[in-house]
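File shown: my_file-v8.txt. Contents: compact mmCIF, C-alpha atoms and all ligand atoms.
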```
# COMPACT_ATOMS: atom_id res chain seq x y z
CA MET A 1 -48.62 30.07 21.40
CA THR A 2 -50.91 27.12 22.06
CA ARG A 3 -47.93 24.93 22.71
CA ARG A 4 -46.49 27.41 25.15
CA ASP A 5 -49.76 27.37 27.02
CA ASN A 6 -49.59 23.61 27.24
CA GLY A 7 -46.15 23.88 28.71
CA ALA A 8 -47.45 26.10 31.44
CA VAL A 9 -50.37 23.84 32.19
CA LEU A 10 -48.07 20.87 32.45
CA ASP A 11 -45.64 22.72 34.66
CA SER A 12 -46.59 20.90 37.82
CA SER A 13 -48.50 17.69 38.00
CA ALA A 14 -50.63 18.87 40.91
CA ALA A 15 -51.72 21.99 39.07
CA SER A 16 -52.45 20.13 35.88
CA THR A 17 -54.56 17.58 37.72
CA GLU A 18 -56.77 20.25 39.19
CA ALA A 19 -56.86 22.28 36.05
CA ARG A 20 -58.11 19.36 34.05
CA ARG A 21 -60.98 18.34 36.26
CA PRO A 22 -63.37 21.03 35.03
CA ASP A 23 -62.97 19.77 31.49
CA ALA A 24 -63.89 16.29 32.59
CA ALA A 25 -67.26 17.52 33.84
CA ALA A 26 -67.98 19.82 30.91
CA PRO A 27 -70.03 18.38 28.08
CA ALA A 28 -67.70 17.04 25.45
CA SER A 29 -68.17 14.61 22.64
CA PRO A 30 -65.64 11.84 22.51
CA GLY A 31 -64.66 13.04 19.05
CA ALA A 32 -64.17 16.64 20.05
CA ARG A 33 -60.70 18.10 20.07
CA PRO A 34 -59.75 19.52 23.42
CA PRO A 35 -59.59 23.29 23.71
CA ALA A 36 -56.18 24.82 23.30
CA GLY A 37 -54.17 24.96 26.46
CA GLY A 38 -56.09 22.28 28.32
CA LEU A 39 -55.65 18.56 28.11
CA PRO A 40 -59.08 17.20 28.97
CA PRO A 41 -59.64 13.53 29.48
CA ASP A 42 -61.68 12.15 26.59
CA ARG A 43 -64.89 11.27 28.34
CA LEU A 44 -68.58 11.96 28.27
CA PRO A 45 -70.37 13.54 31.22
CA PRO A 46 -71.93 10.96 33.54
CA ALA A 47 -75.61 10.32 32.87
CA GLY A 48 -76.69 9.43 36.44
CA PRO A 49 -77.14 12.27 39.02
CA SER A 50 -79.90 14.91 38.98
CA ARG A 51 -79.50 18.16 37.03
CA ARG A 52 -79.42 20.18 40.24
CA ALA A 53 -76.65 18.09 41.71
CA ILE A 54 -74.72 18.39 38.47
CA SER A 55 -75.12 22.15 38.27
CA LEU A 56 -73.88 22.51 41.86
CA ILE A 57 -70.93 20.30 41.07
CA VAL A 58 -70.22 22.27 37.89
CA LEU A 59 -70.39 25.53 39.84
CA ALA A 60 -68.01 24.23 42.51
CA ILE A 61 -65.64 22.95 39.86
CA ALA A 62 -65.77 26.24 37.96
CA LEU A 63 -64.84 28.14 41.13
CA LEU A 64 -62.04 25.70 41.82
CA ALA A 65 -60.81 26.04 38.26
CA ALA A 66 -60.82 29.82 38.50
CA ALA A 67 -58.82 29.64 41.73
CA VAL A 68 -56.35 27.19 40.23
CA ILE A 69 -55.91 29.26 37.08
CA VAL A 70 -55.32 32.42 39.11
CA SER A 71 -52.80 30.69 41.38
CA MET A 72 -51.07 29.05 38.41
CA ALA A 73 -50.84 32.34 36.59
CA THR A 74 -49.23 33.85 39.67
CA ARG A 75 -46.93 31.02 40.64
CA ASN A 76 -45.75 30.03 37.20
CA ARG A 77 -44.95 33.37 35.70
CA THR A 78 -41.29 32.67 35.53
CA THR A 79 -41.89 29.36 33.88
CA VAL A 80 -44.25 30.87 31.35
CA ASP A 81 -41.61 33.45 30.49
CA ALA A 82 -38.94 30.81 30.31
CA VAL A 83 -40.99 28.48 28.13
CA ALA A 84 -41.78 31.37 25.82
CA GLY A 85 -38.07 31.61 25.01
CA ASP A 86 -36.51 30.17 21.93
CA ASP A 87 -36.91 26.46 22.75
CA GLY A 88 -39.28 25.85 19.85
CA TRP A 89 -40.16 22.27 20.78
CA ALA A 90 -43.44 20.97 19.39
CA GLY A 91 -44.16 19.06 22.60
CA ALA A 92 -44.65 20.83 25.92
CA VAL A 93 -41.32 21.03 27.73
CA LEU A 94 -41.83 19.91 31.33
CA GLU A 95 -40.37 22.36 33.83
CA PRO A 96 -38.78 21.12 35.84
CA THR A 97 -38.19 17.87 34.02
CA ARG A 98 -38.79 14.72 36.05
CA PRO A 99 -36.84 11.50 36.43
CA ARG A 100 -37.86 8.38 34.53
CA PRO A 101 -40.94 7.05 36.37
CA GLU A 102 -40.56 3.95 38.51
CA PHE A 103 -43.36 1.39 38.58
CA THR A 104 -43.86 -2.30 37.90
CA LEU A 105 -46.81 -3.68 35.91
CA THR A 106 -47.46 -6.82 33.86
CA ASP A 107 -46.72 -7.06 30.14
CA THR A 108 -48.92 -8.73 27.54
CA SER A 109 -47.07 -12.02 27.93
CA GLY A 110 -47.88 -12.06 31.64
CA ARG A 111 -44.38 -11.18 32.86
CA PRO A 112 -43.65 -8.43 35.42
CA PHE A 113 -42.34 -5.31 33.71
CA ASP A 114 -40.19 -2.96 35.80
CA PHE A 115 -40.60 0.17 33.69
CA ALA A 116 -37.56 2.14 34.90
CA ALA A 117 -35.23 -0.87 34.71
CA GLU A 118 -36.53 -2.27 31.40
CA THR A 119 -36.43 1.05 29.55
CA GLU A 120 -33.40 2.66 31.23
CA GLY A 121 -31.32 4.73 28.84
CA GLU A 122 -33.83 4.38 25.99
CA LEU A 123 -35.86 7.11 24.36
CA THR A 124 -39.31 6.08 25.61
CA PHE A 125 -42.83 7.24 24.85
CA LEU A 126 -45.28 6.45 27.65
CA TYR A 127 -49.04 6.64 27.25
CA PHE A 128 -52.01 5.75 29.46
CA GLY A 129 -55.25 4.89 27.64
CA TYR A 130 -57.64 2.05 26.79
CA THR A 131 -58.49 -0.07 23.78
CA ASN A 132 -62.20 0.80 23.72
CA CYS A 133 -61.32 4.49 23.36
CA PRO A 134 -63.40 5.80 20.44
CA ASP A 135 -60.81 8.07 18.87
CA ILE A 136 -58.15 9.80 20.97
CA CYS A 137 -56.09 6.73 21.85
CA PRO A 138 -56.03 5.21 18.35
CA ILE A 139 -55.34 8.55 16.63
CA HIS A 140 -52.64 9.59 19.12
CA LEU A 141 -50.78 6.25 18.98
CA SER A 142 -51.10 6.03 15.21
CA THR A 143 -49.71 9.56 14.81
CA LEU A 144 -46.75 8.71 17.03
CA ASN A 145 -46.15 5.49 15.12
CA GLN A 146 -46.12 7.31 11.76
CA ALA A 147 -43.77 9.98 13.10
CA LEU A 148 -41.37 7.30 14.38
CA ARG A 149 -41.54 5.41 11.07
CA ALA A 150 -40.46 8.61 9.33
CA GLN A 151 -37.34 8.62 11.55
CA PRO A 152 -36.03 5.06 11.10
CA ASP A 153 -32.57 5.80 12.53
CA LEU A 154 -34.02 6.84 15.87
CA SER A 155 -34.46 3.98 18.31
CA ALA A 156 -37.45 4.44 20.61
CA THR A 157 -39.59 2.30 22.87
CA VAL A 158 -43.34 2.89 23.04
CA VAL A 159 -45.13 1.75 26.20
CA PHE A 160 -48.92 1.73 26.50
CA VAL A 161 -50.52 1.29 29.94
CA THR A 162 -54.21 0.42 30.03
CA THR A 163 -56.47 2.52 32.24
CA ASP A 164 -59.25 -0.06 31.80
CA PRO A 165 -57.79 -3.31 33.17
CA GLU A 166 -61.21 -4.91 33.51
CA ARG A 167 -61.90 -5.02 29.76
CA ASP A 168 -58.33 -4.77 28.49
CA THR A 169 -57.03 -8.30 28.88
CA PRO A 170 -53.38 -8.87 27.94
CA GLU A 171 -54.57 -10.61 24.74
CA ARG A 172 -56.82 -7.72 23.80
CA ILE A 173 -54.10 -5.13 24.45
CA ARG A 174 -51.65 -7.18 22.36
CA SER A 175 -53.90 -7.50 19.34
CA TRP A 176 -54.94 -3.83 19.54
CA LEU A 177 -51.32 -2.61 19.73
CA ASP A 178 -50.34 -4.96 16.92
CA GLY A 179 -52.74 -2.94 14.77
CA PHE A 180 -50.27 -0.05 15.14
CA ASN A 181 -46.93 -1.67 15.70
CA GLY A 182 -46.03 -5.12 16.99
CA ALA A 183 -43.08 -3.63 18.90
CA PHE A 184 -45.26 -1.45 21.12
CA ILE A 185 -45.20 -2.71 24.71
CA GLY A 186 -48.55 -3.11 26.49
CA LEU A 187 -48.91 -3.14 30.26
CA THR A 188 -51.71 -3.86 32.70
CA GLY A 189 -52.10 -4.44 36.42
CA THR A 190 -54.53 -4.13 39.29
CA PRO A 191 -56.35 -0.80 39.55
CA GLU A 192 -54.05 0.06 42.49
CA GLU A 193 -50.92 -0.74 40.49
CA ILE A 194 -52.13 1.36 37.57
CA LEU A 195 -52.92 4.27 39.91
CA ALA A 196 -49.41 4.01 41.32
CA ALA A 197 -47.96 4.06 37.79
CA GLU A 198 -50.00 7.17 36.93
CA ALA A 199 -48.83 8.88 40.11
CA ALA A 200 -45.19 7.95 39.45
CA SER A 201 -45.52 9.40 35.95
CA GLY A 202 -47.18 12.63 37.09
CA ILE A 203 -50.28 11.73 35.09
CA THR A 204 -53.86 12.58 36.09
CA PRO A 205 -55.52 9.35 37.28
CA ALA A 206 -58.05 7.88 34.86
CA VAL A 207 -61.68 7.54 35.97
CA PRO A 208 -64.24 5.20 34.35
CA ASP A 209 -67.68 6.62 33.60
CA ALA A 210 -70.88 4.90 34.68
CA PRO A 211 -71.83 2.14 32.20
CA GLY A 212 -74.74 2.78 29.83
CA GLU A 213 -77.71 0.41 29.45
CA ASP A 214 -75.70 -1.79 27.15
CA GLY A 215 -72.93 -2.00 29.75
CA PHE A 216 -70.52 0.02 27.59
CA TYR A 217 -68.58 2.77 29.31
CA LEU A 218 -65.92 5.31 28.49
CA VAL A 219 -62.86 5.98 30.63
CA GLY A 220 -61.73 9.56 31.29
CA HIS A 221 -57.96 9.62 31.03
CA ALA A 222 -55.07 12.01 30.55
CA THR A 223 -54.23 12.40 26.88
CA GLU A 224 -50.58 13.38 26.92
CA ILE A 225 -47.86 11.04 25.68
CA LEU A 226 -44.74 11.50 27.80
CA ALA A 227 -41.30 11.46 26.20
CA ILE A 228 -38.46 10.20 28.40
CA GLY A 229 -34.95 10.66 27.08
CA THR A 230 -31.83 8.53 26.96
CA ASP A 231 -30.72 10.66 29.94
CA ASP A 232 -33.69 9.18 31.88
CA ARG A 233 -35.46 12.50 32.20
CA THR A 234 -39.17 12.89 31.45
CA TYR A 235 -38.84 16.08 29.47
CA LEU A 236 -41.62 16.47 26.93
CA ALA A 237 -45.37 15.87 26.91
CA TYR A 238 -47.36 15.58 23.69
CA PRO A 239 -51.00 16.59 24.06
CA PHE A 240 -53.65 15.06 21.84
CA GLY A 241 -54.00 16.98 18.59
CA ILE A 242 -50.28 17.20 17.85
CA ARG A 243 -49.60 16.71 14.16
CA GLN A 244 -47.27 14.11 12.78
CA SER A 245 -45.17 16.76 11.02
CA ASP A 246 -44.65 18.68 14.28
CA TRP A 247 -43.72 15.49 16.06
CA GLU A 248 -41.20 14.69 13.35
CA LEU A 249 -39.48 18.04 13.94
CA ASP A 250 -38.92 17.14 17.59
CA LEU A 251 -37.75 13.64 16.68
CA ASP A 252 -35.21 15.19 14.29
CA ARG A 253 -33.82 17.30 17.11
CA ILE A 254 -33.73 14.37 19.54
CA ALA A 255 -32.03 12.23 16.90
CA SER A 256 -29.30 14.86 16.56
CA GLY A 257 -28.61 14.70 20.30
CA GLU A 258 -30.50 17.80 21.33
CA VAL A 259 -32.50 17.63 24.56
CA PRO A 260 -34.83 20.08 26.26
CA PRO A 261 -33.17 21.84 29.20
CA VAL A 262 -33.63 20.62 32.76
CA ALA A 263 -34.93 24.10 33.62
CA SER A 264 -34.81 27.63 32.21
CA ALA A 265 -34.89 31.17 33.51
CA GLY A 266 -34.66 34.01 31.04
CA ALA A 267 -31.73 33.33 28.74
CA VAL A 268 -30.23 30.70 31.05
CA ASP A 269 -30.90 27.00 30.52
CA VAL A 270 -29.85 24.41 33.06
CA THR A 271 -28.78 21.62 30.76
CA ALA A 272 -27.63 19.03 33.31
CA ALA A 273 -28.21 18.54 37.03
CA VAL A 274 -27.23 15.88 39.52
CA ALA A 275 -26.94 15.64 43.30
CA GLY A 276 -24.59 13.44 45.32
CA GLN A 277 -25.86 11.23 48.11
CA GLY A 278 -25.80 12.33 51.76
CA LYS A 279 -26.95 11.22 55.21
CA ALA A 280 -29.61 13.01 57.24
CA GLY A 281 -28.06 15.99 59.04
CA GLU A 282 -25.02 15.92 56.80
CA ALA A 283 -24.32 17.55 53.44
CA ALA A 284 -24.67 16.74 49.75
CA SER A 285 -23.28 18.47 46.68
CA VAL A 286 -25.28 19.64 43.67
CA TYR A 287 -23.65 19.93 40.25
CA LEU A 288 -25.32 21.91 37.50
CA THR A 289 -24.44 22.87 33.95
CA PHE A 290 -25.65 26.23 32.70
CA ASP A 291 -26.00 27.51 29.17
CA ASN A 292 -26.31 31.28 29.27
CA ARG A 293 -27.48 32.55 25.89
CA GLY A 294 -27.65 36.14 27.12
CA ASP A 295 -25.46 38.63 28.98
CA ASP A 296 -23.42 37.81 32.07
CA THR A 297 -25.64 37.15 35.04
CA THR A 298 -25.45 35.97 38.63
CA ILE A 299 -27.25 33.54 40.91
CA ASP A 300 -27.79 35.33 44.21
CA ALA A 301 -29.15 32.44 46.22
CA VAL A 302 -30.27 28.85 46.04
CA SER A 303 -33.06 27.48 48.22
CA THR A 304 -34.45 24.02 48.91
CA ASP A 305 -36.83 22.25 51.26
CA ALA A 306 -34.37 19.37 51.49
CA ALA A 307 -31.77 21.04 53.71
CA ASP A 308 -31.38 23.62 56.48
CA GLN A 309 -29.12 25.80 54.38
CA VAL A 310 -27.55 26.04 50.98
CA VAL A 311 -23.98 27.26 50.47
CA LEU A 312 -22.35 28.19 47.19
CA HIS A 313 -18.79 26.94 47.13
CA GLY A 314 -16.31 28.56 44.82
CA THR A 315 -12.63 27.93 44.21
CA ASP A 316 -10.06 30.69 44.51
CA ALA A 317 -7.10 31.24 42.20
CA SER A 318 -4.99 28.69 44.06
CA GLY A 319 -7.71 26.03 43.90
CA VAL A 320 -8.76 26.37 47.54
CA MET A 321 -12.45 26.00 48.19
CA THR A 322 -14.08 29.15 49.49
CA ASP A 323 -17.58 30.12 50.45
CA ALA A 324 -19.06 32.41 47.86
CA SER A 325 -22.30 34.27 48.35
CA THR A 326 -23.08 34.41 44.66
CA LEU A 327 -22.41 32.34 41.58
CA ASP A 328 -21.39 34.22 38.45
CA LEU A 329 -22.70 32.91 35.16
CA PRO A 330 -20.89 34.59 32.30
CA SER A 331 -22.32 34.33 28.83
CA GLY A 332 -21.74 30.78 27.53
CA THR A 333 -21.42 27.50 29.37
CA THR A 334 -20.68 27.21 33.09
CA ARG A 335 -20.18 23.83 34.63
CA LEU A 336 -20.24 23.04 38.33
CA GLU A 337 -18.36 19.80 38.73
CA PRO A 338 -16.54 17.71 41.32
CA GLY A 339 -13.30 19.41 42.33
CA GLY A 340 -14.56 22.80 41.21
CA ARG A 341 -17.44 25.04 42.08
CA HIS A 342 -20.58 23.43 43.44
CA ILE A 343 -23.65 24.00 45.54
CA MET A 344 -23.72 22.40 49.01
CA LEU A 345 -26.96 21.37 50.70
CA GLU A 346 -26.07 21.47 54.40
CA GLY A 347 -28.08 19.90 57.21
CA LEU A 348 -30.08 17.48 55.07
CA ARG A 349 -33.57 17.09 56.52
CA GLN A 350 -33.54 13.46 55.41
CA ALA A 351 -31.03 11.18 53.79
CA LEU A 352 -30.55 11.58 50.03
CA GLU A 353 -30.04 8.17 48.51
CA PRO A 354 -29.42 7.04 44.95
CA GLY A 355 -32.75 6.94 43.12
CA ASP A 356 -34.21 9.83 45.15
CA THR A 357 -35.04 13.17 43.59
CA VAL A 358 -34.16 16.54 45.10
CA THR A 359 -35.40 19.96 44.00
CA VAL A 360 -33.66 23.31 44.40
CA THR A 361 -34.75 26.79 43.38
CA LEU A 362 -32.22 29.11 41.76
CA HIS A 363 -32.67 32.83 42.40
CA PHE A 364 -31.14 35.02 39.73
CA ALA A 365 -29.99 38.59 40.25
CA ASP A 366 -32.61 39.88 37.83
CA GLY A 367 -35.41 38.32 39.90
CA GLU A 368 -35.96 35.27 37.72
CA THR A 369 -36.19 31.92 39.46
CA ALA A 370 -35.89 28.38 38.16
CA GLN A 371 -36.82 25.15 39.86
CA VAL A 372 -34.45 22.30 39.15
CA ALA A 373 -35.39 18.70 39.98
CA MET A 374 -32.52 16.22 39.80
CA ASP A 375 -31.57 12.65 40.50
CA VAL A 376 -29.52 11.75 43.53
CA VAL A 377 -26.67 9.47 42.48
CA ALA A 378 -24.10 7.37 44.34
CA TYR A 379 -20.61 8.84 44.76
CA ASP A 380 -19.15 6.46 42.20
CA ASP A 381 -21.65 7.66 39.59
CA VAL A 382 -21.12 11.38 40.15
CA LEU A 383 -18.19 11.71 37.75
CA ASP A 384 -20.03 9.79 35.03
CA ARG A 385 -23.07 11.99 35.39
CA THR A 386 -21.22 15.33 35.47
CA THR A 387 -18.67 14.67 32.74
CA PRO A 388 -19.55 16.57 29.57
CA GLN A 389 -21.41 14.54 26.99
CA GLU A 390 -20.71 14.96 23.28
CA ALA A 391 -23.53 14.68 20.77
CA GLY A 392 -24.80 18.16 20.22
CA ALA A 393 -25.63 18.97 23.86
CU CU A 401 -58.39 7.32 24.90
```

Same coordinates, now as C-alpha cells:
Amino acid sequence: MTRRDNGAVLDSSAASTEARRPDAAAPASPGARPPAGGLPPDRLPPAGPSRRAISLIVLAIALLAAAVIVSMATRNRTTVDAVAGDDGWAGAVLEPTRPRPEFTLTDTSGRPFDFAAETEGELTFLYFGYTNCPDICPIHLSTLNQALRAQPDLSATVVFVTTDPERDTPERIRSWLDGFNGAFIGLTGTPEEILAAEAASGITPAVPDAPGEDGFYLVGHATEILAIGTDDRTYLAYPFGIRQSDWELDLDRIASGEVPPVASAGAVDVTAAVAGQGKAGEAASVYLTFDNRGDDTTIDAVSTDAADQVVLHGTDASGVMTDASTLDLPSGTTRLEPGGRHIMLEGLRQALEPGDTVTVTLHFADGETAQVAMDVVAYDDVLDRTTPQEAGA
C-alpha cells in the first residue's frame, strides 16, 4: 500500500511540492528513512532563526499541509482508485505520465548536454542530488546501479544532476559517479539552469541549508529517481528506500516491453496518446489507445482547457465521419487512429505545435475520470506515433 500512496503523492508536481515542504521543516536526521507516503528532502532543520519564529513557521506549514492533504484527497480520488488497480509496479506510476523533460546543462567534460535530444528514445533514469549527501544519494544511486547490473540485457542511461553546483565541480561529480559506474552521466549548470531543469522534470526545487561553523552545509532535495521510457514518457518515480529486488522486478517488466499506462480509470488503461498539431482558433485531433480490462463501458465526454469545445468523431458503417456524442469502449483494445474514430479539439485557444503538451480529461459513464497528458506531434509523425507497436504492449 505504501507504494500506492507514493503514486498518489506524485500525482501532480504542484501537489507534491507543497506536500513535501512540511517534511523539510520537520526535524529529521540525514540518515532517517522518510515516512511512508512522503518523499521528504534529506536535510536537517536550519539552525539560525529563533524558536518562536520556527514554531510559527511550523504551525503555518502544518496548516498548509493539512489543507493540501485534504484537497489532494478530494481531487485525486479517481487517481488513487486507478493506481490501486492491478498495475503492481514497484515504482510510483505517474498519472498522468509526462513527456521527456527538456533542459540543457553542462556535462562533466564541459560540453552542453541537451537532455531531451541526447537521451531521446532511451530508457533513462534521472536524479537530482549532490555529492556531499551523507547517505540518500549514494545509497539510491548504488541501489539503482546494482539493479541495472542484474539486468545486463537492458540498455539504460543514468543521468545525475547536481543540486549543489557551488561545491560539485565537474571533476568532483565525475570522480564521485565513477565510484558507482563510469557510464553514469553527470550534469551541472548555473543555479538558474538547474532550477529550470528541476521545473521541466516536475521535481521539487532543491534548497541549500545555512552552513554550519565549519562551512559545511546540507542541501534539501527531492529524492525520487525518475524513469523515462523509450517512448519518451516520464512514467515512473522511485522514492528513496526502494529495494534493489523490487527495482529488478520493474526492470524485468520494462525489458519485456511492458510500460505503465499513460492514464487509468477503473479497469480502463490509456496505453498510448498523441495529438496532432493545429493553429490557434482551428482544430487538432487526439488519438488514444484504450485497454479495457473490464466490462464494456463508454466515454460520455472529453474536456480540455486547450480548446473551446471537444467533439467525438465516429465513423459510420460506410466509413463516413459522423459526430458522436459518446465513445464506446468494449472490453479489450480500442484504438482511435487517423482515418477512423478520433477526438477533435475545436477552437484551439493557442496553437499546438510539435513538442508542446496538451492535456484532456476523459469522463466515463460510471463517473470515473482520467487525465491524459500527451505530446503534440507534426502531421508527418502522426502515423508513426499511432501505429500499433509490437513488443508486449
Ligand atoms: Cu542526497

- Query: Distance atom CA of Thr162 of chain A-atom CA of Glu118 of chain A, one decimal place?
  - Reply: 17.9 Å

Considering only C-alpha atoms and all ligand atoms, give me a table of residues in chain A that are at most 9 Å from ligand CU 401 (chain A), with the closest atom pair and distance in Å for each, as a Markdown table.
```
| residue | atom | partner | partner_atom | distance |
| --- | --- | --- | --- | --- |
| A:Pro30 | CA | A:CU401 | CU | 8.9 |
| A:Pro41 | CA | A:CU401 | CU | 7.8 |
| A:Asp42 | CA | A:CU401 | CU | 6.1 |
| A:Arg43 | CA | A:CU401 | CU | 8.3 |
| A:Phe128 | CA | A:CU401 | CU | 8.0 |
| A:Gly129 | CA | A:CU401 | CU | 4.8 |
| A:Tyr130 | CA | A:CU401 | CU | 5.6 |
| A:Thr131 | CA | A:CU401 | CU | 7.5 |
| A:Asn132 | CA | A:CU401 | CU | 7.6 |
| A:Cys133 | CA | A:CU401 | CU | 4.4 |
| A:Pro134 | CA | A:CU401 | CU | 6.9 |
| A:Asp135 | CA | A:CU401 | CU | 6.5 |
| A:Ile136 | CA | A:CU401 | CU | 4.7 |
| A:Cys137 | CA | A:CU401 | CU | 3.9 |
| A:Pro138 | CA | A:CU401 | CU | 7.3 |
| A:Ile139 | CA | A:CU401 | CU | 8.9 |
| A:His140 | CA | A:CU401 | CU | 8.5 |
| A:Thr163 | CA | A:CU401 | CU | 9.0 |
| A:Leu218 | CA | A:CU401 | CU | 8.6 |
| A:Val219 | CA | A:CU401 | CU | 7.4 |
| A:Gly220 | CA | A:CU401 | CU | 7.6 |
| A:His221 | CA | A:CU401 | CU | 6.6 |
| A:Ala222 | CA | A:CU401 | CU | 8.1 |
| A:Thr223 | CA | A:CU401 | CU | 6.9 |
```

- Message: Env of segment 284-297 of chain A: 7 Å cut, atoms = all atoms listed in the file, seq-sep filter 3 positions within chain, self excluded. Answer as a VMD selection string.
- Response: chain A and resid 267 to 278 328 to 337 342 to 346 365

Expected file: the selected residues, C-alpha atoms, as an mmCIF file, keeping the file's coordinate frame:
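Dumped everything to part-v4.cif:
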```
data_model
loop_
_atom_site.group_PDB
_atom_site.id
_atom_site.type_symbol
_atom_site.label_atom_id
_atom_site.label_comp_id
_atom_site.auth_asym_id
_atom_site.auth_seq_id
_atom_site.Cartn_x
_atom_site.Cartn_y
_atom_site.Cartn_z
ATOM 1 C CA ALA A 267 -31.730 33.330 28.740
ATOM 2 C CA VAL A 268 -30.230 30.700 31.050
ATOM 3 C CA ASP A 269 -30.900 27.000 30.520
ATOM 4 C CA VAL A 270 -29.850 24.410 33.060
ATOM 5 C CA THR A 271 -28.780 21.620 30.760
ATOM 6 C CA ALA A 272 -27.630 19.030 33.310
ATOM 7 C CA ALA A 273 -28.210 18.540 37.030
ATOM 8 C CA VAL A 274 -27.230 15.880 39.520
ATOM 9 C CA ALA A 275 -26.940 15.640 43.300
ATOM 10 C CA GLY A 276 -24.590 13.440 45.320
ATOM 11 C CA GLN A 277 -25.860 11.230 48.110
ATOM 12 C CA GLY A 278 -25.800 12.330 51.760
ATOM 13 C CA ASP A 328 -21.390 34.220 38.450
ATOM 14 C CA LEU A 329 -22.700 32.910 35.160
ATOM 15 C CA PRO A 330 -20.890 34.590 32.300
ATOM 16 C CA SER A 331 -22.320 34.330 28.830
ATOM 17 C CA GLY A 332 -21.740 30.780 27.530
ATOM 18 C CA THR A 333 -21.420 27.500 29.370
ATOM 19 C CA THR A 334 -20.680 27.210 33.090
ATOM 20 C CA ARG A 335 -20.180 23.830 34.630
ATOM 21 C CA LEU A 336 -20.240 23.040 38.330
ATOM 22 C CA GLU A 337 -18.360 19.800 38.730
ATOM 23 C CA HIS A 342 -20.580 23.430 43.440
ATOM 24 C CA ILE A 343 -23.650 24.000 45.540
ATOM 25 C CA MET A 344 -23.720 22.400 49.010
ATOM 26 C CA LEU A 345 -26.960 21.370 50.700
ATOM 27 C CA GLU A 346 -26.070 21.470 54.400
ATOM 28 C CA ALA A 365 -29.990 38.590 40.250
#
```

- So which residues touch Val159 of chain A within 12 Å, counting all atoms listed in the file, skipping near sequence neighbours fewer than 2 positions away, as number ranges by chain? A: 105-108, 113-116, 118-119, 122-129, 141, 144-145, 156-157, 161-162, 173-174, 177, 181-188, 225-228

- Query: For Glu192 of chain A, which residue among A:Gln146, A:Thr298, A:Gln151, A:Thr104 is the nearest when counting all atoms listed in the file?
  - Reply: A:Thr104

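Within a radius of 7 Å around (-34.5, 16.8, 42.6), the polymer residues are Thr357, Val358, Thr359, Val360, Val372, Ala373, Met374 and Asp375 of chain A, counting all atoms listed in the file.
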
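Using all atoms listed in the file for every distance, the candidate list A:Glu282, A:Asp323, A:Glu120, A:Glu166 yields A:Glu282 as the residue closest to Asp308 of chain A.
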
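Residue neighbourhood of Ile254 of chain A, excluding near-sequence residues (fewer than 4 positions): A:Leu123, A:Leu154, A:Gly229, A:Thr230, A:Glu248, A:Leu249, A:Asp250, A:Glu258, A:Val259, A:Pro260, A:Gly392, at 10 Å, using all atoms listed in the file.
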
Output file for the selection above: C-alpha atoms, as a compact mmCIF listing (two decimals), keeping the file's coordinate frame:
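This is the output file out06.txt:
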```
# COMPACT_ATOMS: atom_id res chain seq x y z
CA LEU A 123 -35.86 7.11 24.36
CA LEU A 154 -34.02 6.84 15.87
CA GLY A 229 -34.95 10.66 27.08
CA THR A 230 -31.83 8.53 26.96
CA GLU A 248 -41.20 14.69 13.35
CA LEU A 249 -39.48 18.04 13.94
CA ASP A 250 -38.92 17.14 17.59
CA GLU A 258 -30.50 17.80 21.33
CA VAL A 259 -32.50 17.63 24.56
CA PRO A 260 -34.83 20.08 26.26
CA GLY A 392 -24.80 18.16 20.22
```

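Taking atom CA of Pro101 of chain A and atom CA of Gly121 of chain A as the two end points, the separation is 12.4 Å.
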
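The shortest atom-to-atom distance to Ile242 of chain A, with only C-alpha atoms taken into account, belongs to A:Ser142 out of A:Ala265, A:Ser142, A:Asp384, A:Pro99.
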
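The coordinates place atom CA of Thr143 of chain A at 14.7 Å from atom CA of Asp178 of chain A.
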
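Nearest residue to Arg149 of chain A, choosing from A:Tyr238, A:Ala263, A:Val302, A:Gln244 and counting only C-alpha atoms: A:Gln244.
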
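Here the question is which of A:Ala197, A:Ala206, A:Ala237, A:Val311 gets nearest to Phe103 of chain A using all atoms listed in the file, and that residue is A:Ala197.
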